[in-house]
Every structure is written in structure tokens, then in C-alpha cells.
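Pasted below: upload.txt, compact mmCIF, C-alpha atoms.
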```txt
# COMPACT_ATOMS: atom_id res chain seq x y z
CA MET A 10 3.08 -43.44 -24.55
CA TRP A 11 3.54 -41.00 -27.41
CA GLY A 12 0.00 -39.82 -26.94
CA MET A 13 1.00 -38.39 -23.55
CA SER A 14 0.86 -34.72 -22.97
CA VAL A 15 4.10 -32.77 -22.98
CA PHE A 16 3.75 -32.17 -19.26
CA ARG A 17 3.34 -35.87 -18.43
CA ARG A 18 6.35 -36.81 -20.59
CA PHE A 19 8.39 -34.10 -18.90
CA GLY A 20 7.31 -35.41 -15.50
CA LEU A 21 8.35 -38.96 -16.40
CA CYS A 22 11.73 -37.71 -17.60
CA VAL A 23 12.29 -35.87 -14.32
CA MET A 24 11.34 -39.00 -12.35
CA ALA A 25 13.66 -41.19 -14.43
CA VAL A 26 16.59 -38.82 -13.99
CA GLY A 27 15.87 -38.63 -10.25
CA LEU A 28 15.78 -42.41 -9.84
CA LEU A 29 18.84 -43.05 -11.97
CA TRP A 30 20.85 -40.10 -10.66
CA PRO A 31 22.96 -42.05 -8.16
CA VAL A 32 23.90 -44.60 -10.84
CA THR A 33 24.59 -42.09 -13.57
CA ALA A 34 26.49 -39.83 -11.17
CA GLU A 35 28.64 -42.73 -10.00
CA LEU A 36 29.37 -43.85 -13.55
CA ALA A 37 30.27 -40.34 -14.53
CA GLY A 38 32.18 -39.74 -11.31
CA ILE A 39 30.29 -36.51 -10.76
CA GLY A 40 31.09 -34.92 -7.41
CA ARG A 41 32.02 -38.28 -5.94
CA LEU A 42 34.81 -38.52 -3.42
CA ARG A 43 37.29 -41.04 -4.86
CA VAL A 44 39.45 -42.34 -2.06
CA SER A 45 41.94 -43.67 -4.62
CA ASP A 46 42.79 -40.04 -5.37
CA TYR A 47 44.20 -39.64 -1.88
CA LYS A 48 47.04 -41.20 0.08
CA PRO A 49 45.90 -43.94 2.44
CA GLY A 50 46.42 -43.09 6.07
CA VAL A 51 45.01 -41.44 9.12
CA TYR A 52 43.80 -37.88 8.65
CA ALA A 53 43.07 -35.67 11.62
CA ILE A 54 39.95 -33.59 11.17
CA ASP A 55 40.72 -29.92 11.61
CA GLN A 56 38.71 -28.79 14.65
CA ARG A 57 39.12 -25.13 13.71
CA PHE A 58 36.72 -25.63 10.81
CA GLY A 59 34.47 -28.09 12.58
CA VAL A 60 31.22 -27.70 14.44
CA ILE A 61 29.44 -30.40 16.40
CA GLY A 62 25.98 -29.09 17.13
CA PHE A 63 22.73 -30.45 18.46
CA ALA A 64 19.17 -29.23 18.80
CA VAL A 65 16.22 -30.29 20.94
CA ASN A 66 12.59 -29.30 20.79
CA HIS A 67 10.51 -27.89 23.64
CA LEU A 68 6.77 -28.67 23.77
CA GLY A 69 6.65 -28.42 19.98
CA LEU A 70 6.91 -24.65 20.40
CA PHE A 71 10.56 -23.86 19.90
CA SER A 72 13.97 -25.45 19.83
CA SER A 73 17.29 -24.90 21.57
CA GLU A 74 20.68 -25.42 20.03
CA GLY A 75 24.00 -26.26 21.55
CA GLY A 76 27.36 -27.69 20.67
CA PHE A 77 30.74 -28.86 21.84
CA LYS A 78 33.75 -26.61 21.80
CA ALA A 79 36.42 -29.30 21.81
CA PHE A 80 36.64 -32.53 19.91
CA SER A 81 39.14 -34.52 17.94
CA ALA A 82 38.48 -36.83 15.05
CA ASP A 83 40.30 -39.03 12.60
CA LEU A 84 39.40 -40.20 9.17
CA VAL A 85 41.16 -43.40 8.15
CA ILE A 86 41.34 -43.86 4.40
CA ASP A 87 42.00 -47.33 3.14
CA GLY A 88 42.70 -46.26 -0.41
CA THR A 89 40.78 -49.04 -2.07
CA SER A 90 37.15 -48.16 -1.44
CA LEU A 91 35.14 -45.54 0.33
CA GLU A 92 33.20 -48.22 2.18
CA ARG A 93 36.39 -49.23 4.00
CA THR A 94 36.95 -45.74 5.30
CA ALA A 95 36.66 -45.38 9.08
CA ILE A 96 35.77 -42.40 11.23
CA ASP A 97 36.60 -41.97 14.89
CA VAL A 98 35.38 -38.95 16.86
CA ARG A 99 36.19 -38.06 20.49
CA ILE A 100 34.28 -35.25 22.10
CA ASP A 101 35.17 -33.54 25.37
CA ALA A 102 31.82 -33.65 27.21
CA ALA A 103 32.87 -30.82 29.53
CA THR A 104 32.94 -28.40 26.59
CA VAL A 105 29.21 -28.62 25.95
CA ASP A 106 27.93 -25.13 25.38
CA MET A 107 24.67 -23.31 24.80
CA ALA A 108 23.89 -19.66 24.21
CA TRP A 109 21.92 -19.76 27.46
CA LYS A 110 24.79 -20.23 29.91
CA ALA A 111 22.61 -21.66 32.69
CA ALA A 112 21.38 -24.37 30.33
CA GLY A 113 24.93 -25.15 29.27
CA GLU A 114 25.94 -25.62 32.91
CA MET A 115 22.90 -27.81 33.48
CA LEU A 116 24.00 -30.11 30.65
CA LEU A 117 27.23 -30.87 32.53
CA SER A 118 25.29 -32.40 35.41
CA PRO A 119 24.88 -36.14 36.01
CA GLU A 120 21.28 -35.98 34.71
CA TYR A 121 22.53 -34.94 31.27
CA PHE A 122 26.02 -35.47 29.85
CA ASP A 123 27.56 -36.28 33.25
CA ALA A 124 30.78 -34.62 32.18
CA ALA A 125 32.52 -35.51 35.45
CA GLY A 126 31.58 -39.20 35.37
CA HIS A 127 31.90 -39.69 31.61
CA PRO A 128 34.23 -37.01 30.28
CA ARG A 129 34.47 -38.44 26.78
CA ILE A 130 31.82 -38.99 24.14
CA HIS A 131 33.03 -41.39 21.50
CA PHE A 132 31.78 -42.31 18.05
CA ARG A 133 33.39 -44.87 15.81
CA SER A 134 32.03 -45.87 12.47
CA THR A 135 31.29 -49.48 11.64
CA ASP A 136 30.01 -49.10 8.11
CA ILE A 137 29.87 -46.47 5.40
CA THR A 138 27.44 -46.85 2.53
CA VAL A 139 27.42 -44.76 -0.60
CA LEU A 140 23.92 -43.45 -1.18
CA GLY A 141 24.61 -41.45 -4.29
CA ALA A 142 26.60 -38.58 -5.58
CA ASP A 143 28.11 -36.88 -2.53
CA ARG A 144 25.81 -38.65 -0.05
CA TYR A 145 26.78 -41.37 2.35
CA THR A 146 25.31 -43.25 5.27
CA VAL A 147 27.63 -43.59 8.23
CA SER A 148 26.68 -46.26 10.72
CA GLY A 149 28.55 -46.59 13.95
CA LEU A 150 28.57 -46.91 17.70
CA LEU A 151 28.09 -43.92 19.95
CA ASP A 152 29.34 -44.10 23.51
CA LEU A 153 27.56 -41.49 25.60
CA ARG A 154 27.29 -41.46 29.39
CA GLY A 155 28.90 -44.90 29.42
CA VAL A 156 26.16 -46.38 27.25
CA THR A 157 27.02 -47.58 23.75
CA GLN A 158 24.29 -47.62 21.13
CA PRO A 159 24.27 -47.96 17.35
CA VAL A 160 23.47 -44.79 15.44
CA THR A 161 23.14 -43.97 11.78
CA LEU A 162 24.11 -40.62 10.33
CA GLU A 163 23.90 -39.15 6.87
CA ALA A 164 26.89 -37.36 5.42
CA VAL A 165 26.95 -35.01 2.48
CA LEU A 166 30.12 -33.90 0.76
CA LEU A 167 29.61 -30.16 0.45
CA GLY A 168 32.66 -29.50 -1.65
CA GLU A 169 36.31 -30.06 -2.27
CA ARG A 170 38.88 -27.32 -2.74
CA GLU A 171 42.53 -27.27 -3.63
CA GLU A 172 44.75 -26.21 -0.75
CA PRO A 173 48.48 -25.58 -0.43
CA GLY A 174 50.74 -28.58 0.11
CA ASN A 175 49.19 -30.87 -2.50
CA THR A 176 46.12 -31.32 -0.35
CA VAL A 177 42.42 -31.05 -0.92
CA GLY A 178 40.06 -29.68 1.73
CA ALA A 179 36.83 -31.69 1.77
CA ASP A 180 33.86 -30.23 3.64
CA PHE A 181 31.21 -32.56 4.99
CA LEU A 182 27.86 -31.96 6.62
CA VAL A 183 26.75 -34.84 8.81
CA THR A 184 23.22 -34.97 10.18
CA GLY A 185 21.26 -37.44 12.20
CA ARG A 186 18.86 -37.94 15.04
CA ILE A 187 19.35 -39.86 18.25
CA ASP A 188 17.03 -40.72 21.11
CA ARG A 189 18.69 -39.42 24.27
CA THR A 190 16.72 -41.77 26.50
CA ARG A 191 18.52 -44.74 24.94
CA PHE A 192 21.64 -43.38 26.60
CA GLY A 193 19.94 -43.02 29.97
CA MET A 194 19.43 -39.28 29.60
CA VAL A 195 15.85 -39.11 30.84
CA ALA A 196 15.74 -35.78 32.69
CA ASP A 197 12.94 -33.28 32.01
CA ARG A 198 11.23 -35.30 29.29
CA THR A 199 8.09 -33.16 29.57
CA PHE A 200 9.99 -30.10 28.42
CA ILE A 201 12.91 -31.44 26.41
CA SER A 202 12.27 -33.77 23.49
CA ASP A 203 13.71 -37.27 23.52
CA GLU A 204 14.90 -36.75 19.96
CA VAL A 205 18.14 -34.84 19.57
CA ASP A 206 19.02 -33.61 16.10
CA LEU A 207 22.70 -33.65 15.28
CA ARG A 208 24.36 -31.29 12.85
CA ILE A 209 28.07 -31.70 12.33
CA LYS A 210 30.26 -29.78 9.91
CA VAL A 211 33.82 -30.92 9.38
CA ARG A 212 36.69 -30.25 7.03
CA VAL A 213 39.32 -32.86 6.24
CA GLY A 214 42.59 -32.01 4.58
CA LEU A 215 43.34 -34.96 2.26
CA MET A 216 46.77 -35.53 0.75
CA LYS A 217 46.68 -36.24 -2.97
CA ALA A 218 48.05 -39.60 -4.06
CA ALA A 219 51.12 -39.61 -6.32
CA ARG A 220 50.19 -40.23 -9.96
CA GLY A 221 51.94 -42.29 -12.63
CA GLY A 222 54.88 -43.11 -10.44
CA MET B 21 -6.99 18.22 32.49
CA ALA B 22 -8.75 18.39 35.85
CA GLY B 23 -12.39 17.31 35.95
CA SER B 24 -14.90 18.22 38.58
CA GLY B 25 -16.20 14.65 39.16
CA GLY B 26 -14.47 11.65 40.71
CA TRP B 27 -12.66 8.82 39.02
CA SER B 28 -14.87 6.85 36.65
CA LEU B 29 -15.55 3.17 37.27
CA ALA B 30 -13.26 2.26 34.37
CA GLN B 31 -10.46 4.44 35.73
CA ARG B 32 -10.75 2.94 39.18
CA ARG B 33 -10.79 -0.62 37.91
CA LEU B 34 -7.81 0.03 35.64
CA HIS B 35 -5.93 1.55 38.58
CA TRP B 36 -6.45 -1.43 40.87
CA TRP B 37 -5.87 -4.03 38.14
CA THR B 38 -2.61 -2.31 37.27
CA ALA B 39 -1.54 -2.18 40.90
CA GLY B 40 -2.35 -5.84 41.50
CA LEU B 41 -0.66 -7.06 38.33
CA VAL B 42 2.48 -5.00 38.98
CA VAL B 43 2.85 -6.57 42.42
CA LEU B 44 2.11 -10.05 41.04
CA GLY B 45 4.49 -9.61 38.12
CA PHE B 46 7.23 -8.36 40.42
CA GLY B 47 6.90 -11.36 42.72
CA LEU B 48 6.78 -13.76 39.78
CA GLY B 49 9.91 -12.15 38.34
CA PHE B 50 11.92 -13.15 41.38
CA GLY B 51 10.20 -16.52 41.65
CA MET B 52 10.82 -17.58 38.06
CA VAL B 53 14.53 -16.74 38.30
CA ALA B 54 14.83 -18.67 41.57
CA VAL B 55 13.25 -21.85 40.19
CA PRO B 56 16.12 -24.30 39.57
CA MET B 57 16.99 -25.47 36.08
CA ARG B 58 15.92 -28.98 37.10
CA ALA B 59 12.31 -27.75 36.99
CA LEU B 60 12.50 -26.39 33.46
CA LEU B 61 8.81 -26.74 32.64
CA LEU B 62 7.76 -24.80 35.75
CA LYS B 63 10.42 -22.18 35.00
CA PHE B 64 9.16 -21.85 31.42
CA LEU B 65 5.53 -21.50 32.55
CA LEU B 66 6.38 -18.85 35.18
CA TYR B 67 8.32 -16.86 32.58
CA GLN B 68 5.31 -17.00 30.25
CA VAL B 69 2.94 -15.83 33.00
CA HIS B 70 5.37 -13.01 33.86
CA LYS B 71 5.57 -11.96 30.20
CA THR B 72 1.79 -12.10 29.84
CA ILE B 73 1.36 -9.90 32.93
CA GLY B 74 3.85 -7.40 31.51
CA LEU B 75 1.96 -7.19 28.22
CA ILE B 76 -1.37 -6.78 30.03
CA VAL B 77 0.09 -4.01 32.23
CA ALA B 78 1.35 -2.23 29.10
CA GLY B 79 -2.15 -2.45 27.62
CA LEU B 80 -3.79 -1.23 30.84
CA VAL B 81 -1.41 1.74 31.03
CA MET B 82 -2.29 2.74 27.48
CA ALA B 83 -5.99 2.45 28.29
CA ARG B 84 -5.49 4.56 31.42
CA LEU B 85 -3.69 7.26 29.48
CA VAL B 86 -6.44 7.34 26.85
CA LEU B 87 -9.13 7.60 29.54
CA ARG B 88 -7.21 10.24 31.42
CA HIS B 89 -6.81 12.25 28.24
CA ARG B 90 -10.51 11.94 27.35
CA ARG B 91 -12.09 12.17 30.78
CA GLY B 92 -9.51 13.97 32.85
CA ARG B 93 -8.92 13.50 36.57
CA PRO B 94 -10.54 14.88 39.70
CA ALA B 95 -9.41 18.26 40.98
CA GLY B 96 -6.56 18.22 43.48
CA ASP B 97 -7.03 18.35 47.22
CA PRO B 98 -7.29 22.05 48.17
CA GLY B 99 -5.88 21.18 51.56
CA LEU B 100 -2.49 20.42 50.06
CA THR B 101 0.20 23.01 49.52
CA LEU B 102 1.17 23.87 45.97
CA ALA B 103 4.52 22.13 46.47
CA ALA B 104 2.82 18.96 47.71
CA ARG B 105 0.41 18.97 44.76
CA ARG B 106 3.32 19.41 42.36
CA ALA B 107 5.26 16.63 44.06
CA ALA B 108 2.23 14.33 43.76
CA ALA B 109 1.86 15.20 40.06
CA VAL B 110 5.56 14.53 39.38
CA GLY B 111 5.37 11.23 41.30
CA GLN B 112 2.35 10.11 39.28
CA GLY B 113 4.06 11.15 36.04
CA VAL B 114 7.14 9.10 36.92
CA LEU B 115 4.89 6.18 37.82
CA TYR B 116 3.25 6.32 34.40
CA VAL B 117 6.66 6.47 32.69
CA LEU B 118 7.86 3.44 34.67
CA LEU B 119 4.61 1.56 34.05
CA GLY B 120 5.32 1.92 30.34
CA ALA B 121 9.09 1.50 30.45
CA VAL B 122 9.30 -1.64 32.59
CA PRO B 123 7.07 -3.81 30.35
CA LEU B 124 8.77 -2.39 27.25
CA LEU B 125 12.19 -3.28 28.64
CA GLY B 126 10.86 -6.70 29.60
CA TYR B 127 9.75 -7.27 26.03
CA LEU B 128 13.19 -6.22 24.73
CA VAL B 129 14.88 -8.54 27.25
CA ALA B 130 12.74 -11.42 25.94
CA CYS B 131 13.72 -10.47 22.37
CA VAL B 132 17.48 -10.51 22.92
CA ALA B 133 17.58 -13.39 25.42
CA PRO B 134 20.19 -15.96 24.33
CA ALA B 135 17.80 -18.81 25.16
CA GLY B 136 15.50 -17.72 22.32
CA VAL B 137 12.37 -18.66 24.26
CA PRO B 138 9.24 -17.35 22.51
CA THR B 139 6.84 -14.91 24.17
CA LEU B 140 3.43 -16.54 24.35
CA PHE B 141 0.72 -14.11 25.39
CA LEU B 142 -1.80 -16.01 27.53
CA GLY B 143 0.23 -19.10 26.69
CA VAL B 144 -1.04 -19.34 23.13
CA ILE B 145 -0.42 -16.17 21.11
CA ASN B 146 3.13 -15.96 19.84
CA VAL B 147 4.32 -12.36 20.14
CA PRO B 148 6.97 -11.71 17.48
CA HIS B 149 10.41 -10.75 18.71
CA MET B 150 11.65 -7.67 16.88
CA LEU B 151 15.32 -8.08 17.84
CA ALA B 152 17.74 -10.97 17.50
CA SER B 153 19.39 -12.76 20.43
CA ASP B 154 22.33 -10.82 21.84
CA ALA B 155 24.01 -11.82 25.10
CA ALA B 156 25.60 -8.41 25.77
CA ARG B 157 22.34 -6.54 25.20
CA TYR B 158 20.53 -9.13 27.29
CA ASP B 159 22.74 -8.35 30.28
CA ARG B 160 22.31 -4.58 29.95
CA LEU B 161 18.57 -4.62 29.24
CA GLY B 162 17.99 -7.23 31.94
CA ALA B 163 19.71 -5.04 34.54
CA ALA B 164 17.72 -1.98 33.44
CA HIS B 165 14.46 -3.99 33.55
CA LEU B 166 15.22 -5.21 37.07
CA TRP B 167 16.27 -1.87 38.56
CA LEU B 168 13.43 0.10 36.97
CA ALA B 169 11.00 -2.56 38.23
CA ILE B 170 12.41 -2.12 41.74
CA LEU B 171 12.09 1.66 41.39
CA LEU B 172 8.53 1.24 40.12
CA LEU B 173 7.57 -0.88 43.09
CA ALA B 174 9.26 1.51 45.52
CA LEU B 175 7.43 4.48 44.00
CA ALA B 176 4.15 2.55 43.98
CA ALA B 177 4.68 1.72 47.65
CA GLY B 178 5.35 5.39 48.35
CA HIS B 179 2.25 6.34 46.36
CA ALA B 180 0.15 3.87 48.36
CA GLY B 181 1.72 5.04 51.63
CA MET B 182 0.89 8.67 50.88
CA ALA B 183 -2.69 7.71 49.96
CA VAL B 184 -3.11 5.94 53.32
CA TRP B 185 -1.46 8.81 55.18
CA HIS B 186 -3.84 11.36 53.59
CA HIS B 187 -6.76 9.01 54.20
CA ARG B 188 -5.95 8.94 57.94
CA ARG B 189 -5.88 12.74 57.93
CA GLY B 190 -9.40 12.75 56.53
CA ALA B 191 -8.72 13.30 52.84
CA GLY B 192 -11.04 11.45 50.45
CA THR B 193 -8.43 10.37 47.88
CA LEU B 194 -8.28 6.69 48.81
CA VAL B 195 -12.03 6.40 49.21
CA ALA B 196 -12.52 8.09 45.84
CA MET B 197 -10.27 5.53 44.17
CA ARG B 198 -11.96 2.64 45.97
CA ARG B 199 -15.64 3.58 45.77
CA GLY B 200 -15.87 6.33 43.23
CA ALA B 201 -16.90 9.10 45.57
CA ALA B 202 -15.99 12.57 44.44
CA GLY B 203 -12.32 12.54 45.13
CA ARG B 204 -9.86 15.10 46.25
CA LEU B 205 -6.19 14.74 45.71
```

Hey, can you dump this file as C-alpha cells for me?
Amino acid sequence: MWGMSVFRRFGLCVMAVGLLWPVTAELAGIGRLRVSDYKPGVYAIDQRFGVIGFAVNHLGLFSSEGGFKAFSADLVIDGTSLERTAIDVRIDAATVDMAWKAAGEMLLSPEYFDAAGHPRIHFRSTDITVLGADRYTVSGLLDLRGVTQPVTLEAVLLGEREEPGNTVGADFLVTGRIDRTRFGMVADRTFISDEVDLRIKVRVGLMKAARGG
Amino acid sequence: MAGSGGWSLAQRRLHWWTAGLVVLGFGLGFGMVAVPMRALLLKFLLYQVHKTIGLIVAGLVMARLVLRHRRGRPAGDPGLTLAARRAAAVGQGVLYVLLGAVPLLGYLVACVAPAGVPTLFLGVINVPHMLASDAARYDRLGAAHLWLAILLLALAAGHAGMAVWHHRRGAGTLVAMRRGAAGRL
């Protein structure tokens, strides 16, 4: 072991830190969202600072991005553990939008989001797992086009900032990938990939819990 | 520069290839827009063919200008009045300007298109887009591209009509462009 080169020892140190980082970070409380710091309750996610976006690939040549203009979401904090936190998101399917207006209108049709037949897209979490410092897995059920399927997303806490009114604004980036065909969205599979990448940015205003009372 | 001989083989071929591709590109332009969004793959392919044609036309026009500069053009038809010869020269000049401007505008439209679809020359060579997507510019440039293309086709039709009209009156212009005989304009 001690006969190792400096480079190899350095490499092993980096590996060890990388493997143990989630544990050490949790023990040290580095960057970790502690739900006990906040009042239990239902927090509405501020849509003004939120973006629900998606991207699909075309023939492996390029991708198109879109999003939803209107959604509402709640974060329910239990106050005892992060794992018991629940997320509920409702999206207005009719607000789907793309830079290419004709494509956005196409997505409203029955072959895609079927905004007239199924005006609401709904996600509710079933399980949240802490992956490490600032990283979480959010499992849940997505109801799209009247079809409910389990999906798993990864959330990253981008930062927390003090805000007026004894609150803290927490910014999250949530990413994931779903297979649109599992929801019966099978139109134009030669040109539009089955896989849809999700990219969601949200901000939650969390009320600080009273201390030492 | 006016030469004493007729159009060279290269000049004649470039002329007819340009004419054919302009007509084809014009028709495709309307066709690709008319294809419904349900047939996205077909729509995408037609757009790529249209873009490829535009790039080829731009290249052909440059080649024609180089050849014309180096080799010149046949002397004008002495049977025409000075005013008619000048009108023909102005018409050809405008045609050249439009042959360059319409593909250039088409390229700019592709650059700023909100859809962000790449330009694939011959379906495989990715032509870099020099401008970012911009919906407002897309609308303006798209309208300019369309109306200049219509003007180009109208002028080309007038150019062809005049060539046929002179041909029926016994002038050798059309024959010179078809077969390479010593031409008169």
C-alpha cells in the first residue's frame, strides 16, 4: 500500500471520498434539506418560478423542446422525515407549448396529449428516497391521457435562500425520462422518439419552524 | 463583357440546371408547407430537399457568375432596339440578384426558425446555422423569402416567354441556349 505511487494514492483517496460522500454529507448535514427546520403543512409551489419542460429526439439528428404554461403543485411536509414528504402536481394539458406554434397545436390533438379528452395531467409521489447530499429519487404515479403509470424522477436541491416573512426559498431541478408509448401516445414514432426527457424547475417557499418554544 | 461566340456547354448546362431546380424548389416549397403535421417525417424530408435545392442553386449561380466574368456572353441581337436590349440586360441582372437573394433568405429563414430543425445538405451534411432562433425574424424573413421567390418565378417565366417569342420571330437566342449555336440576344 505505502509503496504506491503518489498518483495511485491520490486516486484511491478521490474514490473513497466519492463513495463515502453521501454518508459524510448526511452526517455533517451539508446542503441537506432538513424538513424538521420547516413547519409541517401543505406548501403551494410558486408557478411563477417554475418550468415544466420536455424534450424529444428526432431521428437522432436533433431535438425539440416544449413545456406547459400552467400547472399547480403542492409539497406536503410531514415534519418528521424527508421520506414522508409528498408531492402532487397538476398540469393543464391545454397549455402545452412549443416554440414552433404548429407543433404546439399538434400536441393538443387526440394523438398526443388529447387536451380536450384529458385536460389534466397529474403526478403524485408515492416514495421519496434520499440519494445523497441534495439529491433525491422521487417515485410516483403519472396520469397522462387517462393512463396511469409509475415513473421515477431525480430531484436535486439547487439552493436555499432566505426570503422575507421567515421563509426559505428552495429551488429544485427535477429530471427524468418517460416512454410516451406507455401512455398510449404512439403517433409519429418514426420521427419522434418514444423517450421523452423531462426537466422541471420549481421553487418552494418553506416556512421556518419555531425554535426553542 | 460580350464575346463573339455562343454560350459554352458549361454555361448552357448551368442555365438549364438552375431553371429546373428553381421550378422544382418553388413547387416543393408550397408542397412541404401543405403537408399536414400528422406526416412529420415526410414534411421534414421535403424541407430538407427544398433546402438542398436552395443551396445547390446558390452554388450554380456563383459558378455562372464566375463563368460569365471569365468567358463573357454572346453579343446581343442586332435586331433589337437599344431600349429592348437594355430592358433584357436589366431583367437578367434582376434575375441574378433574385437567384442569389432567394436562397440566401431561405438559409436565414432556416437559421431563425423556431423549430430549430437543422439544415442537412443532401440529407447528410449539417450546414451550421449562423443565427439563433427568433420567431419575429422568422416571420419577416419567411415573408421576404416567399415574395422574392414568387417574383423570381414570375421574372423567370417572363424571361422564358420572351425567349420563345423571339424564337418564333426567327431569333436564335433559344436555340443558342439549347444547342450551343452562335447565339444572338

As an exercise, work out the distance from CA of Leu151 (chain A) to CA of Val213 (chain A) in Å and give it to one decimal place.
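About the pair CA of Leu151 (chain A) and CA of Val213 (chain A): they are 20.9 Å apart.
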
For CA of Ala109 (chain B) and CA of Ser28 (chain B), quote the distance in Å rounded to one decimal.
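Taking CA of Ala109 (chain B) as the start and CA of Ser28 (chain B) as the end point, the length is 19.0 Å.
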
Determine which residues of chain B sit within 6 Å of chain A, taking into account all atoms listed in the file, and present them as a ChimeraX atom specification.
/B:61,134-135

Using all atoms listed in the file, which protein or nucleic acid residues come within 8 Å of region 51-66 of chain A? Drop anything in the same chain fewer than 6 positions from it, and give the result as JSON, numbers by chain.
{"A": [72, 73, 74, 75, 76, 77, 78, 79, 80, 81, 82, 83, 84, 85, 86, 201, 202, 203, 204, 205, 206, 207, 208, 209, 210, 211, 212, 213, 214, 215]}

Residues near Thr139 (chain B), anyone? I mean within 12 Å using only C-alpha atoms, not counting same-chain ones fewer than 3 positions away, as a PyMOL selection string.
(chain A and resi 70-71) or (chain B and resi 64-75+126-133+135-136+142-150)

Which centre and edge lengths in Å to one decimal define the box along x, y and z that fits every listed atom of region 167-177 of chain B plus 6 Å per side, as JSON?
```
{"center_x": 10.2, "center_y": 1.0, "center_z": 42.3, "size_x": 24.1, "size_y": 19.0, "size_z": 22.7}
```

Quick one: everything within 12 Å of region 157-174 of chain B, counting only C-alpha atoms, minus sequence neighbours fewer than 3 positions away in the same chain. Send it as a PyMOL selection string.
(chain A and resi 108-109) or (chain B and resi 38-47+49-50+53+74+111-136+151-154+177-181)

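Closest approach to Gly141 (chain A) from the set A:Glu171, A:Asp101, A:Val165, A:Asp46 is made by A:Val165, with distances taken over only C-alpha atoms.
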
Suppose you want the space between CA of Tyr121 (chain A) and CA of Pro56 (chain B); what is it in Å?
14.9 Å

With a distance cut-off of 10 Å and all atoms listed in the file, select the neighbouring residues of Ala103 (chain A), excluding the residue or stretch itself and same-chain residues fewer than 6 positions from it, and output the selection as a ChimeraX atom specification.
/A:77-79,113-114,116-118,122-125,127-130

Choose the residue, out of A:Thr184, A:Thr176, A:Arg144, A:Arg191, that has the smallest atom-to-atom separation from Gln158 (chain A); count only C-alpha atoms.
A:Arg191

Show which residues sit within 12 Å of Asp152 (chain A), as a ChimeraX atom specification. Count all atoms listed in the file, and ignore same-chain residues fewer than 2 positions away.
/A:97-100,102,122,127-134,149-150,154-160,189,191-193
